[in-house]
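What follows is coords_24.tsv (TSV, C-alpha atoms).
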```
chain	number	residue	atom	x	y	z
A	1	MET	CA	91.27	107.03	87.92
A	2	SER	CA	92.26	104.46	90.54
A	3	LEU	CA	90.14	101.30	90.49
A	4	GLN	CA	89.01	100.56	94.04
A	5	THR	CA	86.12	99.89	96.41
A	6	SER	CA	84.81	102.38	98.96
A	7	GLU	CA	85.57	100.09	101.91
A	8	THR	CA	89.00	100.54	103.51
A	9	GLU	CA	91.12	98.84	106.14
A	10	GLU	CA	94.20	99.92	108.09
A	11	LEU	CA	97.35	98.13	107.04
A	12	THR	CA	101.09	98.61	107.18
A	13	VAL	CA	102.97	98.82	103.88
A	14	ARG	CA	104.50	95.42	104.71
A	15	GLU	CA	101.06	93.85	105.20
A	16	ALA	CA	99.72	95.43	102.02
A	17	ILE	CA	102.55	93.95	99.93
A	18	ARG	CA	102.10	90.50	101.46
A	19	ASP	CA	98.31	90.55	101.11
A	20	THR	CA	98.49	91.65	97.47
A	21	LEU	CA	100.95	88.90	96.55
A	22	HIS	CA	98.76	86.38	98.35
A	23	GLU	CA	95.68	87.55	96.43
A	24	GLU	CA	97.42	87.60	93.03
A	25	MET	CA	99.00	84.17	93.54
A	26	GLY	CA	95.61	82.80	94.58
A	27	ALA	CA	93.88	84.30	91.56
A	28	ASP	CA	96.44	83.38	88.88
A	29	GLU	CA	98.56	80.23	88.97
A	30	ARG	CA	101.04	81.84	86.56
A	31	VAL	CA	102.18	84.20	89.34
A	32	PHE	CA	105.15	82.96	91.34
A	33	VAL	CA	107.83	84.53	93.56
A	34	GLN	CA	111.55	83.90	93.49
A	35	GLY	CA	114.63	85.34	95.13
A	36	ILE	CA	117.16	84.85	97.89
A	37	ASP	CA	115.59	83.35	101.05
A	38	VAL	CA	112.03	84.10	99.93
A	39	ALA	CA	110.89	80.59	100.91
A	40	GLY	CA	110.74	79.95	104.62
A	41	ARG	CA	112.48	83.12	105.77
A	42	GLY	CA	110.11	85.37	103.82
A	43	GLY	CA	112.69	87.39	101.92
A	44	THR	CA	114.21	90.70	102.94
A	45	PHE	CA	112.69	92.03	106.19
A	46	GLY	CA	110.25	89.10	106.24
A	47	VAL	CA	107.82	90.80	103.87
A	48	LEU	CA	106.83	87.47	102.29
A	49	GLU	CA	106.24	85.49	105.49
A	50	GLY	CA	103.47	82.92	105.14
A	51	LEU	CA	103.51	82.61	101.36
A	52	THR	CA	105.58	79.40	101.41
A	53	GLU	CA	103.10	77.67	103.71
A	54	GLU	CA	100.23	78.67	101.43
A	55	TYR	CA	101.74	78.02	98.00
A	56	GLY	CA	104.74	75.75	98.53
A	57	GLU	CA	108.28	75.97	97.26
A	58	GLU	CA	107.26	75.43	93.63
A	59	ARG	CA	105.73	78.92	93.60
A	60	VAL	CA	107.86	80.55	96.32
A	61	ARG	CA	111.28	79.66	95.02
A	62	ASN	CA	114.63	80.14	96.68
A	63	THR	CA	117.41	80.94	94.21
A	64	PRO	CA	121.19	80.90	94.31
A	65	ILE	CA	122.84	84.11	95.49
A	66	SER	CA	123.01	85.46	91.95
A	67	GLU	CA	121.03	88.50	90.88
A	68	VAL	CA	121.96	87.68	87.28
A	69	ALA	CA	120.21	84.31	87.63
A	70	ILE	CA	117.25	85.77	89.52
A	71	VAL	CA	116.48	88.45	86.92
A	72	GLY	CA	117.53	86.41	83.88
A	73	SER	CA	115.42	83.36	84.73
A	74	GLY	CA	112.52	85.64	85.65
A	75	LEU	CA	112.76	87.22	82.22
A	76	GLY	CA	112.73	83.81	80.54
A	77	ALA	CA	109.70	82.73	82.55
A	78	ALA	CA	107.86	85.93	81.65
A	79	MET	CA	108.58	85.45	77.95
A	80	THR	CA	107.08	81.93	78.09
A	81	GLY	CA	103.77	82.93	79.67
A	82	MET	CA	104.40	83.10	83.43
A	83	ARG	CA	104.03	86.23	85.60
A	84	PRO	CA	107.08	86.10	87.85
A	85	VAL	CA	107.65	88.44	90.79
A	86	VAL	CA	111.39	88.39	91.49
A	87	GLU	CA	113.11	89.96	94.46
A	88	VAL	CA	116.49	91.69	94.36
A	89	MET	CA	117.23	92.14	98.04
A	90	TYR	CA	118.55	95.73	97.97
A	91	SER	CA	118.51	98.28	95.19
A	92	GLY	CA	122.28	98.58	95.55
A	93	PHE	CA	122.49	95.04	94.14
A	94	LEU	CA	120.85	96.07	90.85
A	95	GLY	CA	124.32	96.73	89.46
A	96	VAL	CA	124.92	92.97	89.28
A	97	PRO	CA	122.13	92.17	86.75
A	98	MET	CA	122.47	95.48	84.91
A	99	ASP	CA	123.12	93.80	81.56
A	100	GLN	CA	119.88	91.83	81.92
A	101	LEU	CA	118.01	95.00	82.87
A	102	LEU	CA	119.54	97.35	80.32
A	103	ASN	CA	119.87	95.10	77.28
A	104	GLN	CA	117.35	92.29	77.79
A	105	VAL	CA	114.44	93.16	80.09
A	106	ALA	CA	114.12	96.71	78.74
A	107	LYS	CA	114.66	95.93	75.07
A	108	LEU	CA	113.14	92.57	74.11
A	109	ARG	CA	109.50	93.63	73.79
A	110	TYR	CA	110.60	96.50	71.53
A	111	MET	CA	112.99	94.31	69.52
A	112	THR	CA	110.24	91.74	68.88
A	113	ASN	CA	107.89	94.46	67.60
A	114	GLY	CA	105.60	93.86	70.57
A	115	ASN	CA	105.07	90.21	69.70
A	116	VAL	CA	106.51	89.01	73.01
A	117	ASP	CA	105.03	90.21	76.30
A	118	ILE	CA	107.39	90.72	79.26
A	119	PRO	CA	105.09	90.55	82.34
A	120	LEU	CA	108.01	90.60	84.77
A	121	THR	CA	107.77	92.36	88.14
A	122	ILE	CA	111.05	93.07	89.95
A	123	ARG	CA	110.76	93.98	93.63
A	124	THR	CA	113.65	95.69	95.36
A	125	GLN	CA	114.09	98.14	98.19
A	126	ASN	CA	115.74	101.44	98.92
A	127	THR	CA	117.26	101.69	102.38
A	128	SER	CA	118.83	105.11	102.89
A	129	GLY	CA	118.37	106.26	106.47
A	130	PHE	CA	118.19	102.69	107.79
A	131	ARG	CA	121.70	102.31	109.29
A	132	ALA	CA	122.75	99.70	106.74
A	133	ALA	CA	126.00	101.31	105.47
A	134	ALA	CA	127.00	102.28	101.96
A	135	GLN	CA	126.36	99.17	99.84
A	136	HIS	CA	122.96	98.47	101.41
A	137	SER	CA	121.79	102.09	101.79
A	138	GLN	CA	121.02	103.37	98.34
A	139	ALA	CA	118.04	104.65	96.40
A	140	LEU	CA	118.50	103.92	92.70
A	141	HIS	CA	115.15	104.43	90.99
A	142	GLN	CA	116.64	107.42	89.15
A	143	VAL	CA	119.02	105.02	87.38
A	144	LEU	CA	116.21	102.75	86.16
A	145	MET	CA	113.94	105.61	85.09
A	146	ALA	CA	116.67	106.57	82.61
A	147	ILE	CA	116.33	103.22	80.80
A	148	PRO	CA	113.53	103.20	78.19
A	149	GLY	CA	111.43	100.05	78.28
A	150	ILE	CA	111.14	99.48	82.04
A	151	LYS	CA	108.33	101.04	84.03
A	152	VAL	CA	109.40	102.33	87.46
A	153	ALA	CA	107.17	102.56	90.54
A	154	CYS	CA	107.91	103.66	94.12
A	155	LEU	CA	105.73	102.43	96.98
A	156	SER	CA	105.13	104.98	99.74
A	157	THR	CA	101.79	104.14	101.41
A	158	PRO	CA	99.72	101.00	102.04
A	159	ALA	CA	97.30	102.07	99.30
A	160	ASP	CA	100.25	102.41	96.90
A	161	ALA	CA	101.53	98.99	97.90
A	162	LYS	CA	98.22	97.30	97.08
A	163	GLY	CA	97.32	99.25	93.97
A	164	LEU	CA	100.70	99.61	92.28
A	165	LEU	CA	101.97	96.10	93.01
A	166	ARG	CA	98.76	94.58	91.65
A	167	SER	CA	99.00	96.71	88.51
A	168	ALA	CA	102.66	95.73	88.07
A	169	ILE	CA	101.90	92.00	88.29
A	170	ARG	CA	99.07	92.30	85.77
A	171	HIS	CA	101.04	94.50	83.38
A	172	ASP	CA	102.45	93.08	80.14
A	173	ASP	CA	105.54	95.30	80.27
A	174	PRO	CA	108.37	94.85	82.79
A	175	VAL	CA	107.89	96.89	85.97
A	176	ILE	CA	110.44	97.45	88.70
A	177	VAL	CA	108.83	98.22	92.05
A	178	PHE	CA	110.97	100.07	94.58
A	179	GLU	CA	109.94	99.53	98.17
A	180	HIS	CA	111.66	101.20	101.14
A	181	ALA	CA	112.75	99.72	104.45
A	182	GLY	CA	111.84	103.00	106.13
A	183	VAL	CA	108.14	102.76	105.22
A	184	TYR	CA	107.42	99.03	105.70
A	185	ASN	CA	105.95	99.67	109.15
A	186	ARG	CA	104.07	102.84	108.20
A	187	SER	CA	100.32	102.31	108.46
A	188	GLY	CA	97.35	103.87	106.75
A	189	GLU	CA	94.05	103.21	105.04
A	190	ALA	CA	93.99	101.01	101.95
A	191	PRO	CA	90.98	99.94	99.89
A	192	VAL	CA	89.69	96.43	100.49
A	193	GLY	CA	89.68	93.96	97.62
A	194	GLU	CA	90.56	94.61	93.99
A	195	HIS	CA	92.45	97.88	94.44
A	196	GLU	CA	94.44	98.75	91.32
A	197	ILE	CA	96.30	102.00	90.59
A	198	PRO	CA	97.06	102.57	86.91
A	199	ILE	CA	100.78	102.77	86.18
A	200	GLY	CA	101.51	106.45	85.59
A	201	GLU	CA	99.02	108.09	87.97
A	202	ALA	CA	100.25	110.48	90.70
A	203	ALA	CA	98.31	111.21	93.90
A	204	VAL	CA	97.62	114.42	95.82
A	205	GLU	CA	98.19	113.13	99.35
A	206	ARG	CA	97.40	116.46	101.02
A	207	GLU	CA	95.68	119.48	99.50
A	208	GLY	CA	97.01	122.99	100.07
A	209	THR	CA	97.28	126.43	98.50
A	210	ASP	CA	100.67	127.93	99.35
A	211	VAL	CA	103.46	125.50	98.37
A	212	THR	CA	103.59	122.20	96.45
A	213	VAL	CA	105.92	119.48	97.75
A	214	VAL	CA	106.53	116.57	95.37
A	215	ALA	CA	107.94	113.67	97.38
A	216	THR	CA	108.30	109.88	97.49
A	217	GLN	CA	108.72	107.09	100.04
A	218	VAL	CA	110.27	108.27	103.34
A	219	GLN	CA	110.40	111.82	102.02
A	220	LEU	CA	106.65	111.72	101.38
A	221	TRP	CA	106.04	110.96	105.04
A	222	ASN	CA	108.52	113.69	106.02
A	223	ALA	CA	106.67	116.14	103.76
A	224	LEU	CA	103.33	115.27	105.35
A	225	GLU	CA	104.78	115.78	108.84
A	226	ALA	CA	106.29	119.10	107.80
A	227	ALA	CA	102.97	120.19	106.31
A	228	GLU	CA	101.15	119.52	109.59
A	229	GLU	CA	103.75	121.47	111.57
A	230	LEU	CA	103.73	124.41	109.16
A	231	ALA	CA	99.94	124.53	109.17
A	232	GLU	CA	100.22	125.91	112.70
A	233	GLU	CA	102.13	128.85	111.20
A	234	GLY	CA	99.45	129.42	108.58
A	235	ILE	CA	101.43	127.86	105.71
A	236	ASP	CA	99.17	125.57	103.66
A	237	VAL	CA	101.23	122.85	101.95
A	238	GLU	CA	100.02	120.58	99.15
A	239	VAL	CA	101.83	117.24	98.98
A	240	VAL	CA	101.96	115.25	95.73
A	241	SER	CA	103.31	111.71	95.39
A	242	PRO	CA	104.44	110.84	91.83
A	243	ARG	CA	104.08	107.11	92.64
A	244	THR	CA	105.62	106.15	89.27
A	245	PHE	CA	108.62	107.75	87.58
A	246	ASP	CA	108.21	106.00	84.24
A	247	PRO	CA	105.65	106.89	83.11
A	248	LEU	CA	105.51	110.15	85.06
A	249	ASP	CA	102.23	111.97	85.67
A	250	VAL	CA	103.43	115.47	84.79
A	251	ASP	CA	99.89	116.85	84.54
A	252	THR	CA	98.98	116.27	88.20
A	253	ILE	CA	102.25	117.79	89.39
A	254	ALA	CA	101.96	120.79	87.05
A	255	ASP	CA	98.33	121.44	88.02
A	256	SER	CA	99.35	121.62	91.66
A	257	VAL	CA	102.27	123.96	90.99
A	258	ARG	CA	100.11	126.27	88.86
A	259	LYS	CA	97.78	126.55	91.84
A	260	THR	CA	100.43	127.26	94.49
A	261	GLY	CA	103.14	129.03	92.44
A	262	ARG	CA	105.85	127.40	94.58
A	263	CYS	CA	107.45	123.96	94.46
A	264	VAL	CA	109.80	121.76	96.49
A	265	VAL	CA	110.94	118.38	95.13
A	266	ALA	CA	112.18	115.81	97.66
A	267	ASP	CA	113.58	112.31	97.15
A	268	ASP	CA	116.09	109.90	98.68
A	269	THR	CA	118.18	109.85	95.50
A	270	PRO	CA	121.37	111.94	95.29
A	271	LEU	CA	120.92	115.57	94.28
A	272	ARG	CA	123.36	115.18	91.38
A	273	ALA	CA	121.36	113.70	88.47
A	274	GLY	CA	118.62	112.60	90.86
A	275	THR	CA	114.89	112.51	90.25
A	276	GLN	CA	114.77	116.00	91.76
A	277	SER	CA	116.60	117.44	88.76
A	278	GLU	CA	114.25	115.82	86.24
A	279	LEU	CA	111.14	116.91	88.14
A	280	ALA	CA	112.46	120.43	88.64
A	281	ALA	CA	113.23	120.76	84.93
A	282	LEU	CA	109.76	119.56	83.98
A	283	VAL	CA	108.09	121.93	86.45
A	284	HIS	CA	110.06	124.86	85.06
A	285	GLU	CA	109.13	123.87	81.49
A	286	GLU	CA	105.45	123.38	82.26
A	287	CYS	CA	104.90	126.14	84.85
A	288	PHE	CA	107.57	128.78	84.26
A	289	PHE	CA	105.17	131.74	84.15
A	290	ASP	CA	103.22	130.44	87.17
A	291	LEU	CA	106.25	130.12	89.46
A	292	ASP	CA	106.97	132.82	92.01
A	293	PHE	CA	110.36	131.28	92.93
A	294	PRO	CA	112.73	128.68	91.45
A	295	VAL	CA	112.02	125.07	92.40
A	296	GLN	CA	113.81	123.93	95.56
A	297	ARG	CA	115.40	120.47	95.73
A	298	ILE	CA	115.85	118.15	98.71
A	299	GLY	CA	117.94	114.99	98.42
A	300	VAL	CA	120.89	112.96	99.59
A	301	GLU	CA	124.32	114.57	99.45
A	302	ASN	CA	126.67	113.30	96.74
A	303	VAL	CA	128.55	110.88	98.99
A	304	PRO	CA	128.15	107.18	99.82
A	305	ILE	CA	125.80	106.74	102.78
A	306	PRO	CA	127.93	106.60	105.95
A	307	PHE	CA	127.62	103.76	108.47
A	308	SER	CA	127.84	106.18	111.41
A	309	PRO	CA	124.26	107.11	112.46
A	310	THR	CA	125.33	110.69	113.18
A	311	LEU	CA	126.92	111.11	109.77
A	312	GLU	CA	124.03	109.36	108.03
A	313	ASP	CA	121.60	111.83	109.59
A	314	GLU	CA	123.67	114.65	108.11
A	315	VAL	CA	123.51	113.13	104.63
A	316	VAL	CA	119.90	111.86	104.43
A	317	PRO	CA	117.24	114.61	104.57
A	318	GLY	CA	114.55	114.68	107.24
A	319	THR	CA	111.42	116.61	108.15
A	320	GLU	CA	113.43	119.65	109.21
A	321	ASP	CA	114.88	119.94	105.69
A	322	HIS	CA	111.36	120.10	104.28
A	323	ILE	CA	110.37	122.78	106.76
A	324	ALA	CA	113.42	124.89	105.90
A	325	ALA	CA	112.85	124.58	102.13
A	326	ILE	CA	109.16	125.44	102.42
A	327	ARG	CA	109.86	128.43	104.63
A	328	ARG	CA	112.28	129.78	102.01
A	329	LEU	CA	109.38	129.93	99.55
A	330	ALA	CA	106.41	130.81	101.77
```

Show me, as structure tokens, the structure contained in the file I just sent.
Amino acid sequence: MSLQTSETEELTVREAIRDTLHEEMGADERVFVQGIDVAGRGGTFGVLEGLTEEYGEERVRNTPISEVAIVGSGLGAAMTGMRPVVEVMYSGFLGVPMDQLLNQVAKLRYMTNGNVDIPLTIRTQNTSGFRAAAQHSQALHQVLMAIPGIKVACLSTPADAKGLLRSAIRHDDPVIVFEHAGVYNRSGEAPVGEHEIPIGEAAVEREGTDVTVVATQVQLWNALEAAEELAEEGIDVEVVSPRTFDPLDVDTIADSVRKTGRCVVADDTPLRAGTQSELAALVHEECFFDLDFPVQRIGVENVPIPFSPTLEDEVVPGTEDHIAAIRRLA
């Protein structure tokens, strides 16, 4: 169960991330932030504005433009007792420190027989649908979920941002937290105070009886909008957010699909070898005799994201794609 108070407040995802970092840095002097332009400028999209003034440049540290150095030094700090939160500006840049991620961050706790904790949090962001062209418009959490040893979380709502980020910072395993430029300004209710979501716990964001939609980040918001529109046609959609992909809460997803008998999986990763394929396979394994139709998948086409807004809209799925997929099953 999520650990939270009953009191809530309305926040944007951006505010929830900033507030959580502020609270964790205030509560634990081992927590520090580092990355490109995090001090002063506030990092990518200004999410960290105000932290420098509060904690100074010793704990909000600008780094060289080197993702290898950012991740590698964060790993070293984590191994020596600190709790670093490092920022890689865009998920498309994760290819640069891939050796650190694949062979060091993911492996060292295992290779030391659990004798060395790796409390490293890596923040990065997906940006598909944000008019940022091919190198800056990728969603790559499906790549990291394929690497054993790194826990993978995706922030979609303000409550997610508070609860998952806090859990990541306090976790003794490395966690990579994928944010999304397209949800930073989305607002919603989030618990006040010590809100913590256990790593590996999905959420039913909307209850329904006819079709289950499993969706993350921008696609979660698209699914919720589609569900409201389809409710006027008498189609009752349940929307489930996985929240973390490693570990993955298969039970919550399967329970929903057993109830509805129909499932759509939506994500901003490419359809080829995307999270949709893994989730669809698991749903078929767990719920084969409960399904009335094969699982439908929604995702990005297998091309680099175009710079042209018109072409990008053709490649990145929107609310209308959810409506069409749900109607095929309803």

### Summary
Tyr90 of chain A proximity check over A:Phe245, A:Phe178, A:Tyr184, A:Tyr110, using all atoms listed in the file: winner is A:Phe178

## Note on the structure
A straight line from atom CA of Tyr55 of chain A to atom CA of Ile36 of chain A spans 16.9 Å

### Task
Find the residues near Val86 of chain A: any atom within 8 Å, counting only C-alpha atoms, skip ones fewer than 3 places away on the same chain, and give them as a list in words.
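Residues near the query, excluding close chain neighbours: Val33, Gln34, Gly35, Ile70, Val71, Gly74, Leu120, Thr121, Ile122 and Arg123 of chain A.
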
For the residues selected in the previous step, produce a file with C-alpha atoms as a short mmCIF file (atom, residue, chain, number, x, y, z; two decimals), in the frame of the given file.
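File out31.cif, as written:
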```cif
data_model
loop_
_atom_site.label_atom_id
_atom_site.label_comp_id
_atom_site.auth_asym_id
_atom_site.auth_seq_id
_atom_site.Cartn_x
_atom_site.Cartn_y
_atom_site.Cartn_z
CA VAL A 33 107.83 84.53 93.56
CA GLN A 34 111.55 83.90 93.49
CA GLY A 35 114.63 85.34 95.13
CA ILE A 70 117.25 85.77 89.52
CA VAL A 71 116.48 88.45 86.92
CA GLY A 74 112.52 85.64 85.65
CA LEU A 120 108.01 90.60 84.77
CA THR A 121 107.77 92.36 88.14
CA ILE A 122 111.05 93.07 89.95
CA ARG A 123 110.76 93.98 93.63
#
```

### Query
Neighbours of Leu164 of chain A within 9 Å (only C-alpha atoms; same-chain residues fewer than 6 positions away dropped), as a PyMOL selection string?
chain A and resi 153-155+177+195-199+243-244

Filtering to C-alpha atoms, could you give me those residues as a PDB file, in the coordinates of the input?
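Contents of out-v2.pdb, freshly written:
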```pdb
ATOM      1  CA  ALA A 153     107.170 102.560  90.540  1.00  0.00           C
ATOM      2  CA  CYS A 154     107.910 103.660  94.120  1.00  0.00           C
ATOM      3  CA  LEU A 155     105.730 102.430  96.980  1.00  0.00           C
ATOM      4  CA  VAL A 177     108.830  98.220  92.050  1.00  0.00           C
ATOM      5  CA  HIS A 195      92.450  97.880  94.440  1.00  0.00           C
ATOM      6  CA  GLU A 196      94.440  98.750  91.320  1.00  0.00           C
ATOM      7  CA  ILE A 197      96.300 102.000  90.590  1.00  0.00           C
ATOM      8  CA  PRO A 198      97.060 102.570  86.910  1.00  0.00           C
ATOM      9  CA  ILE A 199     100.780 102.770  86.180  1.00  0.00           C
ATOM     10  CA  ARG A 243     104.080 107.110  92.640  1.00  0.00           C
ATOM     11  CA  THR A 244     105.620 106.150  89.270  1.00  0.00           C
TER      12      THR A 244
END
```

### Pick from A:Gln100, A:Thr269, A:Ser6, A:Ser308 nearest to Gln138 of chain A, counting only C-alpha atoms
A:Thr269

### Distance query segment 38-48 of chain A at most 6 Å, all atoms listed in the file, self and fewer than 3 positions along chain excluded, as a list in words
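Here the qualifying residues turn out to be Arg14, Arg18, Gly35, Leu51, Thr52, Val60, Arg61, Asn62 and Met89 of chain A.
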
### Message
Using all atoms listed in the file, can you tell me which of A:Asp255, A:Asp210, A:Asp28, A:Glu67 comes closest to Gly234 of chain A?
### Response
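Using all atoms listed in the file, Gly234 of chain A sits closest to A:Asp210.
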
### d(atom CA of Leu75 of chain A, atom CA of Asp172 of chain A) in Å
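We find that atom CA of Leu75 of chain A and atom CA of Asp172 of chain A lie 12.0 Å from each other.
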
Contact residues around segment 218-223 of chain A with only C-alpha atoms at 8 Å, ignoring same-chain residues under 6 positions, as a PDB file with C-alpha atoms, keeping the file's coordinate frame:
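Writing done, so here's out29.pdb:
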```
ATOM      1  CA  SER A 156     105.130 104.980  99.740  1.00  0.00           C
ATOM      2  CA  HIS A 180     111.660 101.200 101.140  1.00  0.00           C
ATOM      3  CA  GLY A 182     111.840 103.000 106.130  1.00  0.00           C
ATOM      4  CA  VAL A 183     108.140 102.760 105.220  1.00  0.00           C
ATOM      5  CA  VAL A 239     101.830 117.240  98.980  1.00  0.00           C
ATOM      6  CA  SER A 241     103.310 111.710  95.390  1.00  0.00           C
ATOM      7  CA  ALA A 266     112.180 115.810  97.660  1.00  0.00           C
ATOM      8  CA  ASP A 267     113.580 112.310  97.150  1.00  0.00           C
ATOM      9  CA  ASP A 268     116.090 109.900  98.680  1.00  0.00           C
ATOM     10  CA  PRO A 317     117.240 114.610 104.570  1.00  0.00           C
ATOM     11  CA  GLY A 318     114.550 114.680 107.240  1.00  0.00           C
ATOM     12  CA  THR A 319     111.420 116.610 108.150  1.00  0.00           C
ATOM     13  CA  HIS A 322     111.360 120.100 104.280  1.00  0.00           C
TER      14      HIS A 322
END
```

### Task
Within 12 Å of (94.2, 106.7, 94.3) (coordinates as in the file), grab all the protein and nucleic acid residues, counting all atoms listed in the file, and write them out as a VMD selection string.
chain A and resid 1 to 6 157 to 164 189 to 191 195 to 205 240 to 243

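You will find atom CA of Asp173 of chain A at 12.9 Å from atom CA of Asn113 of chain A.
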
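If only C-alpha atoms are the atoms counted, then among A:Asp251, A:Glu87, A:Glu278, A:Glu58 the closest residue to Arg30 of chain A is A:Glu58.
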
#### Entry: Nearest residue to Gln296 of chain A from the set A:Leu329, A:Leu230, A:Val85, A:Val96 (distances using only C-alpha atoms)
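Distance minimum relative to Gln296 of chain A lands on A:Leu329.
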
#### Entry: From A:Glu54, A:Gly149, A:Val213, A:Ala16, residue lying nearest Gly114 of chain A [all atoms listed in the file]
A:Gly149

### Query
Within 7 Å of Thr209 of chain A, counting all atoms listed in the file, which residues qualify if same-chain residues fewer than 4 places away don't, as number ranges by chain?
A: 236-238, 259-260

Box along x, y and z, 5 Å on every side, all listed atoms of segment 213-227 of chain A inside: centre and edge lengths in Å to one decimal, as AutoDock Vina command-line options.
```
--center_x 106.7 --center_y 113.6 --center_z 102.1 --size_x 17.4 --size_y 23.1 --size_z 23.5
```
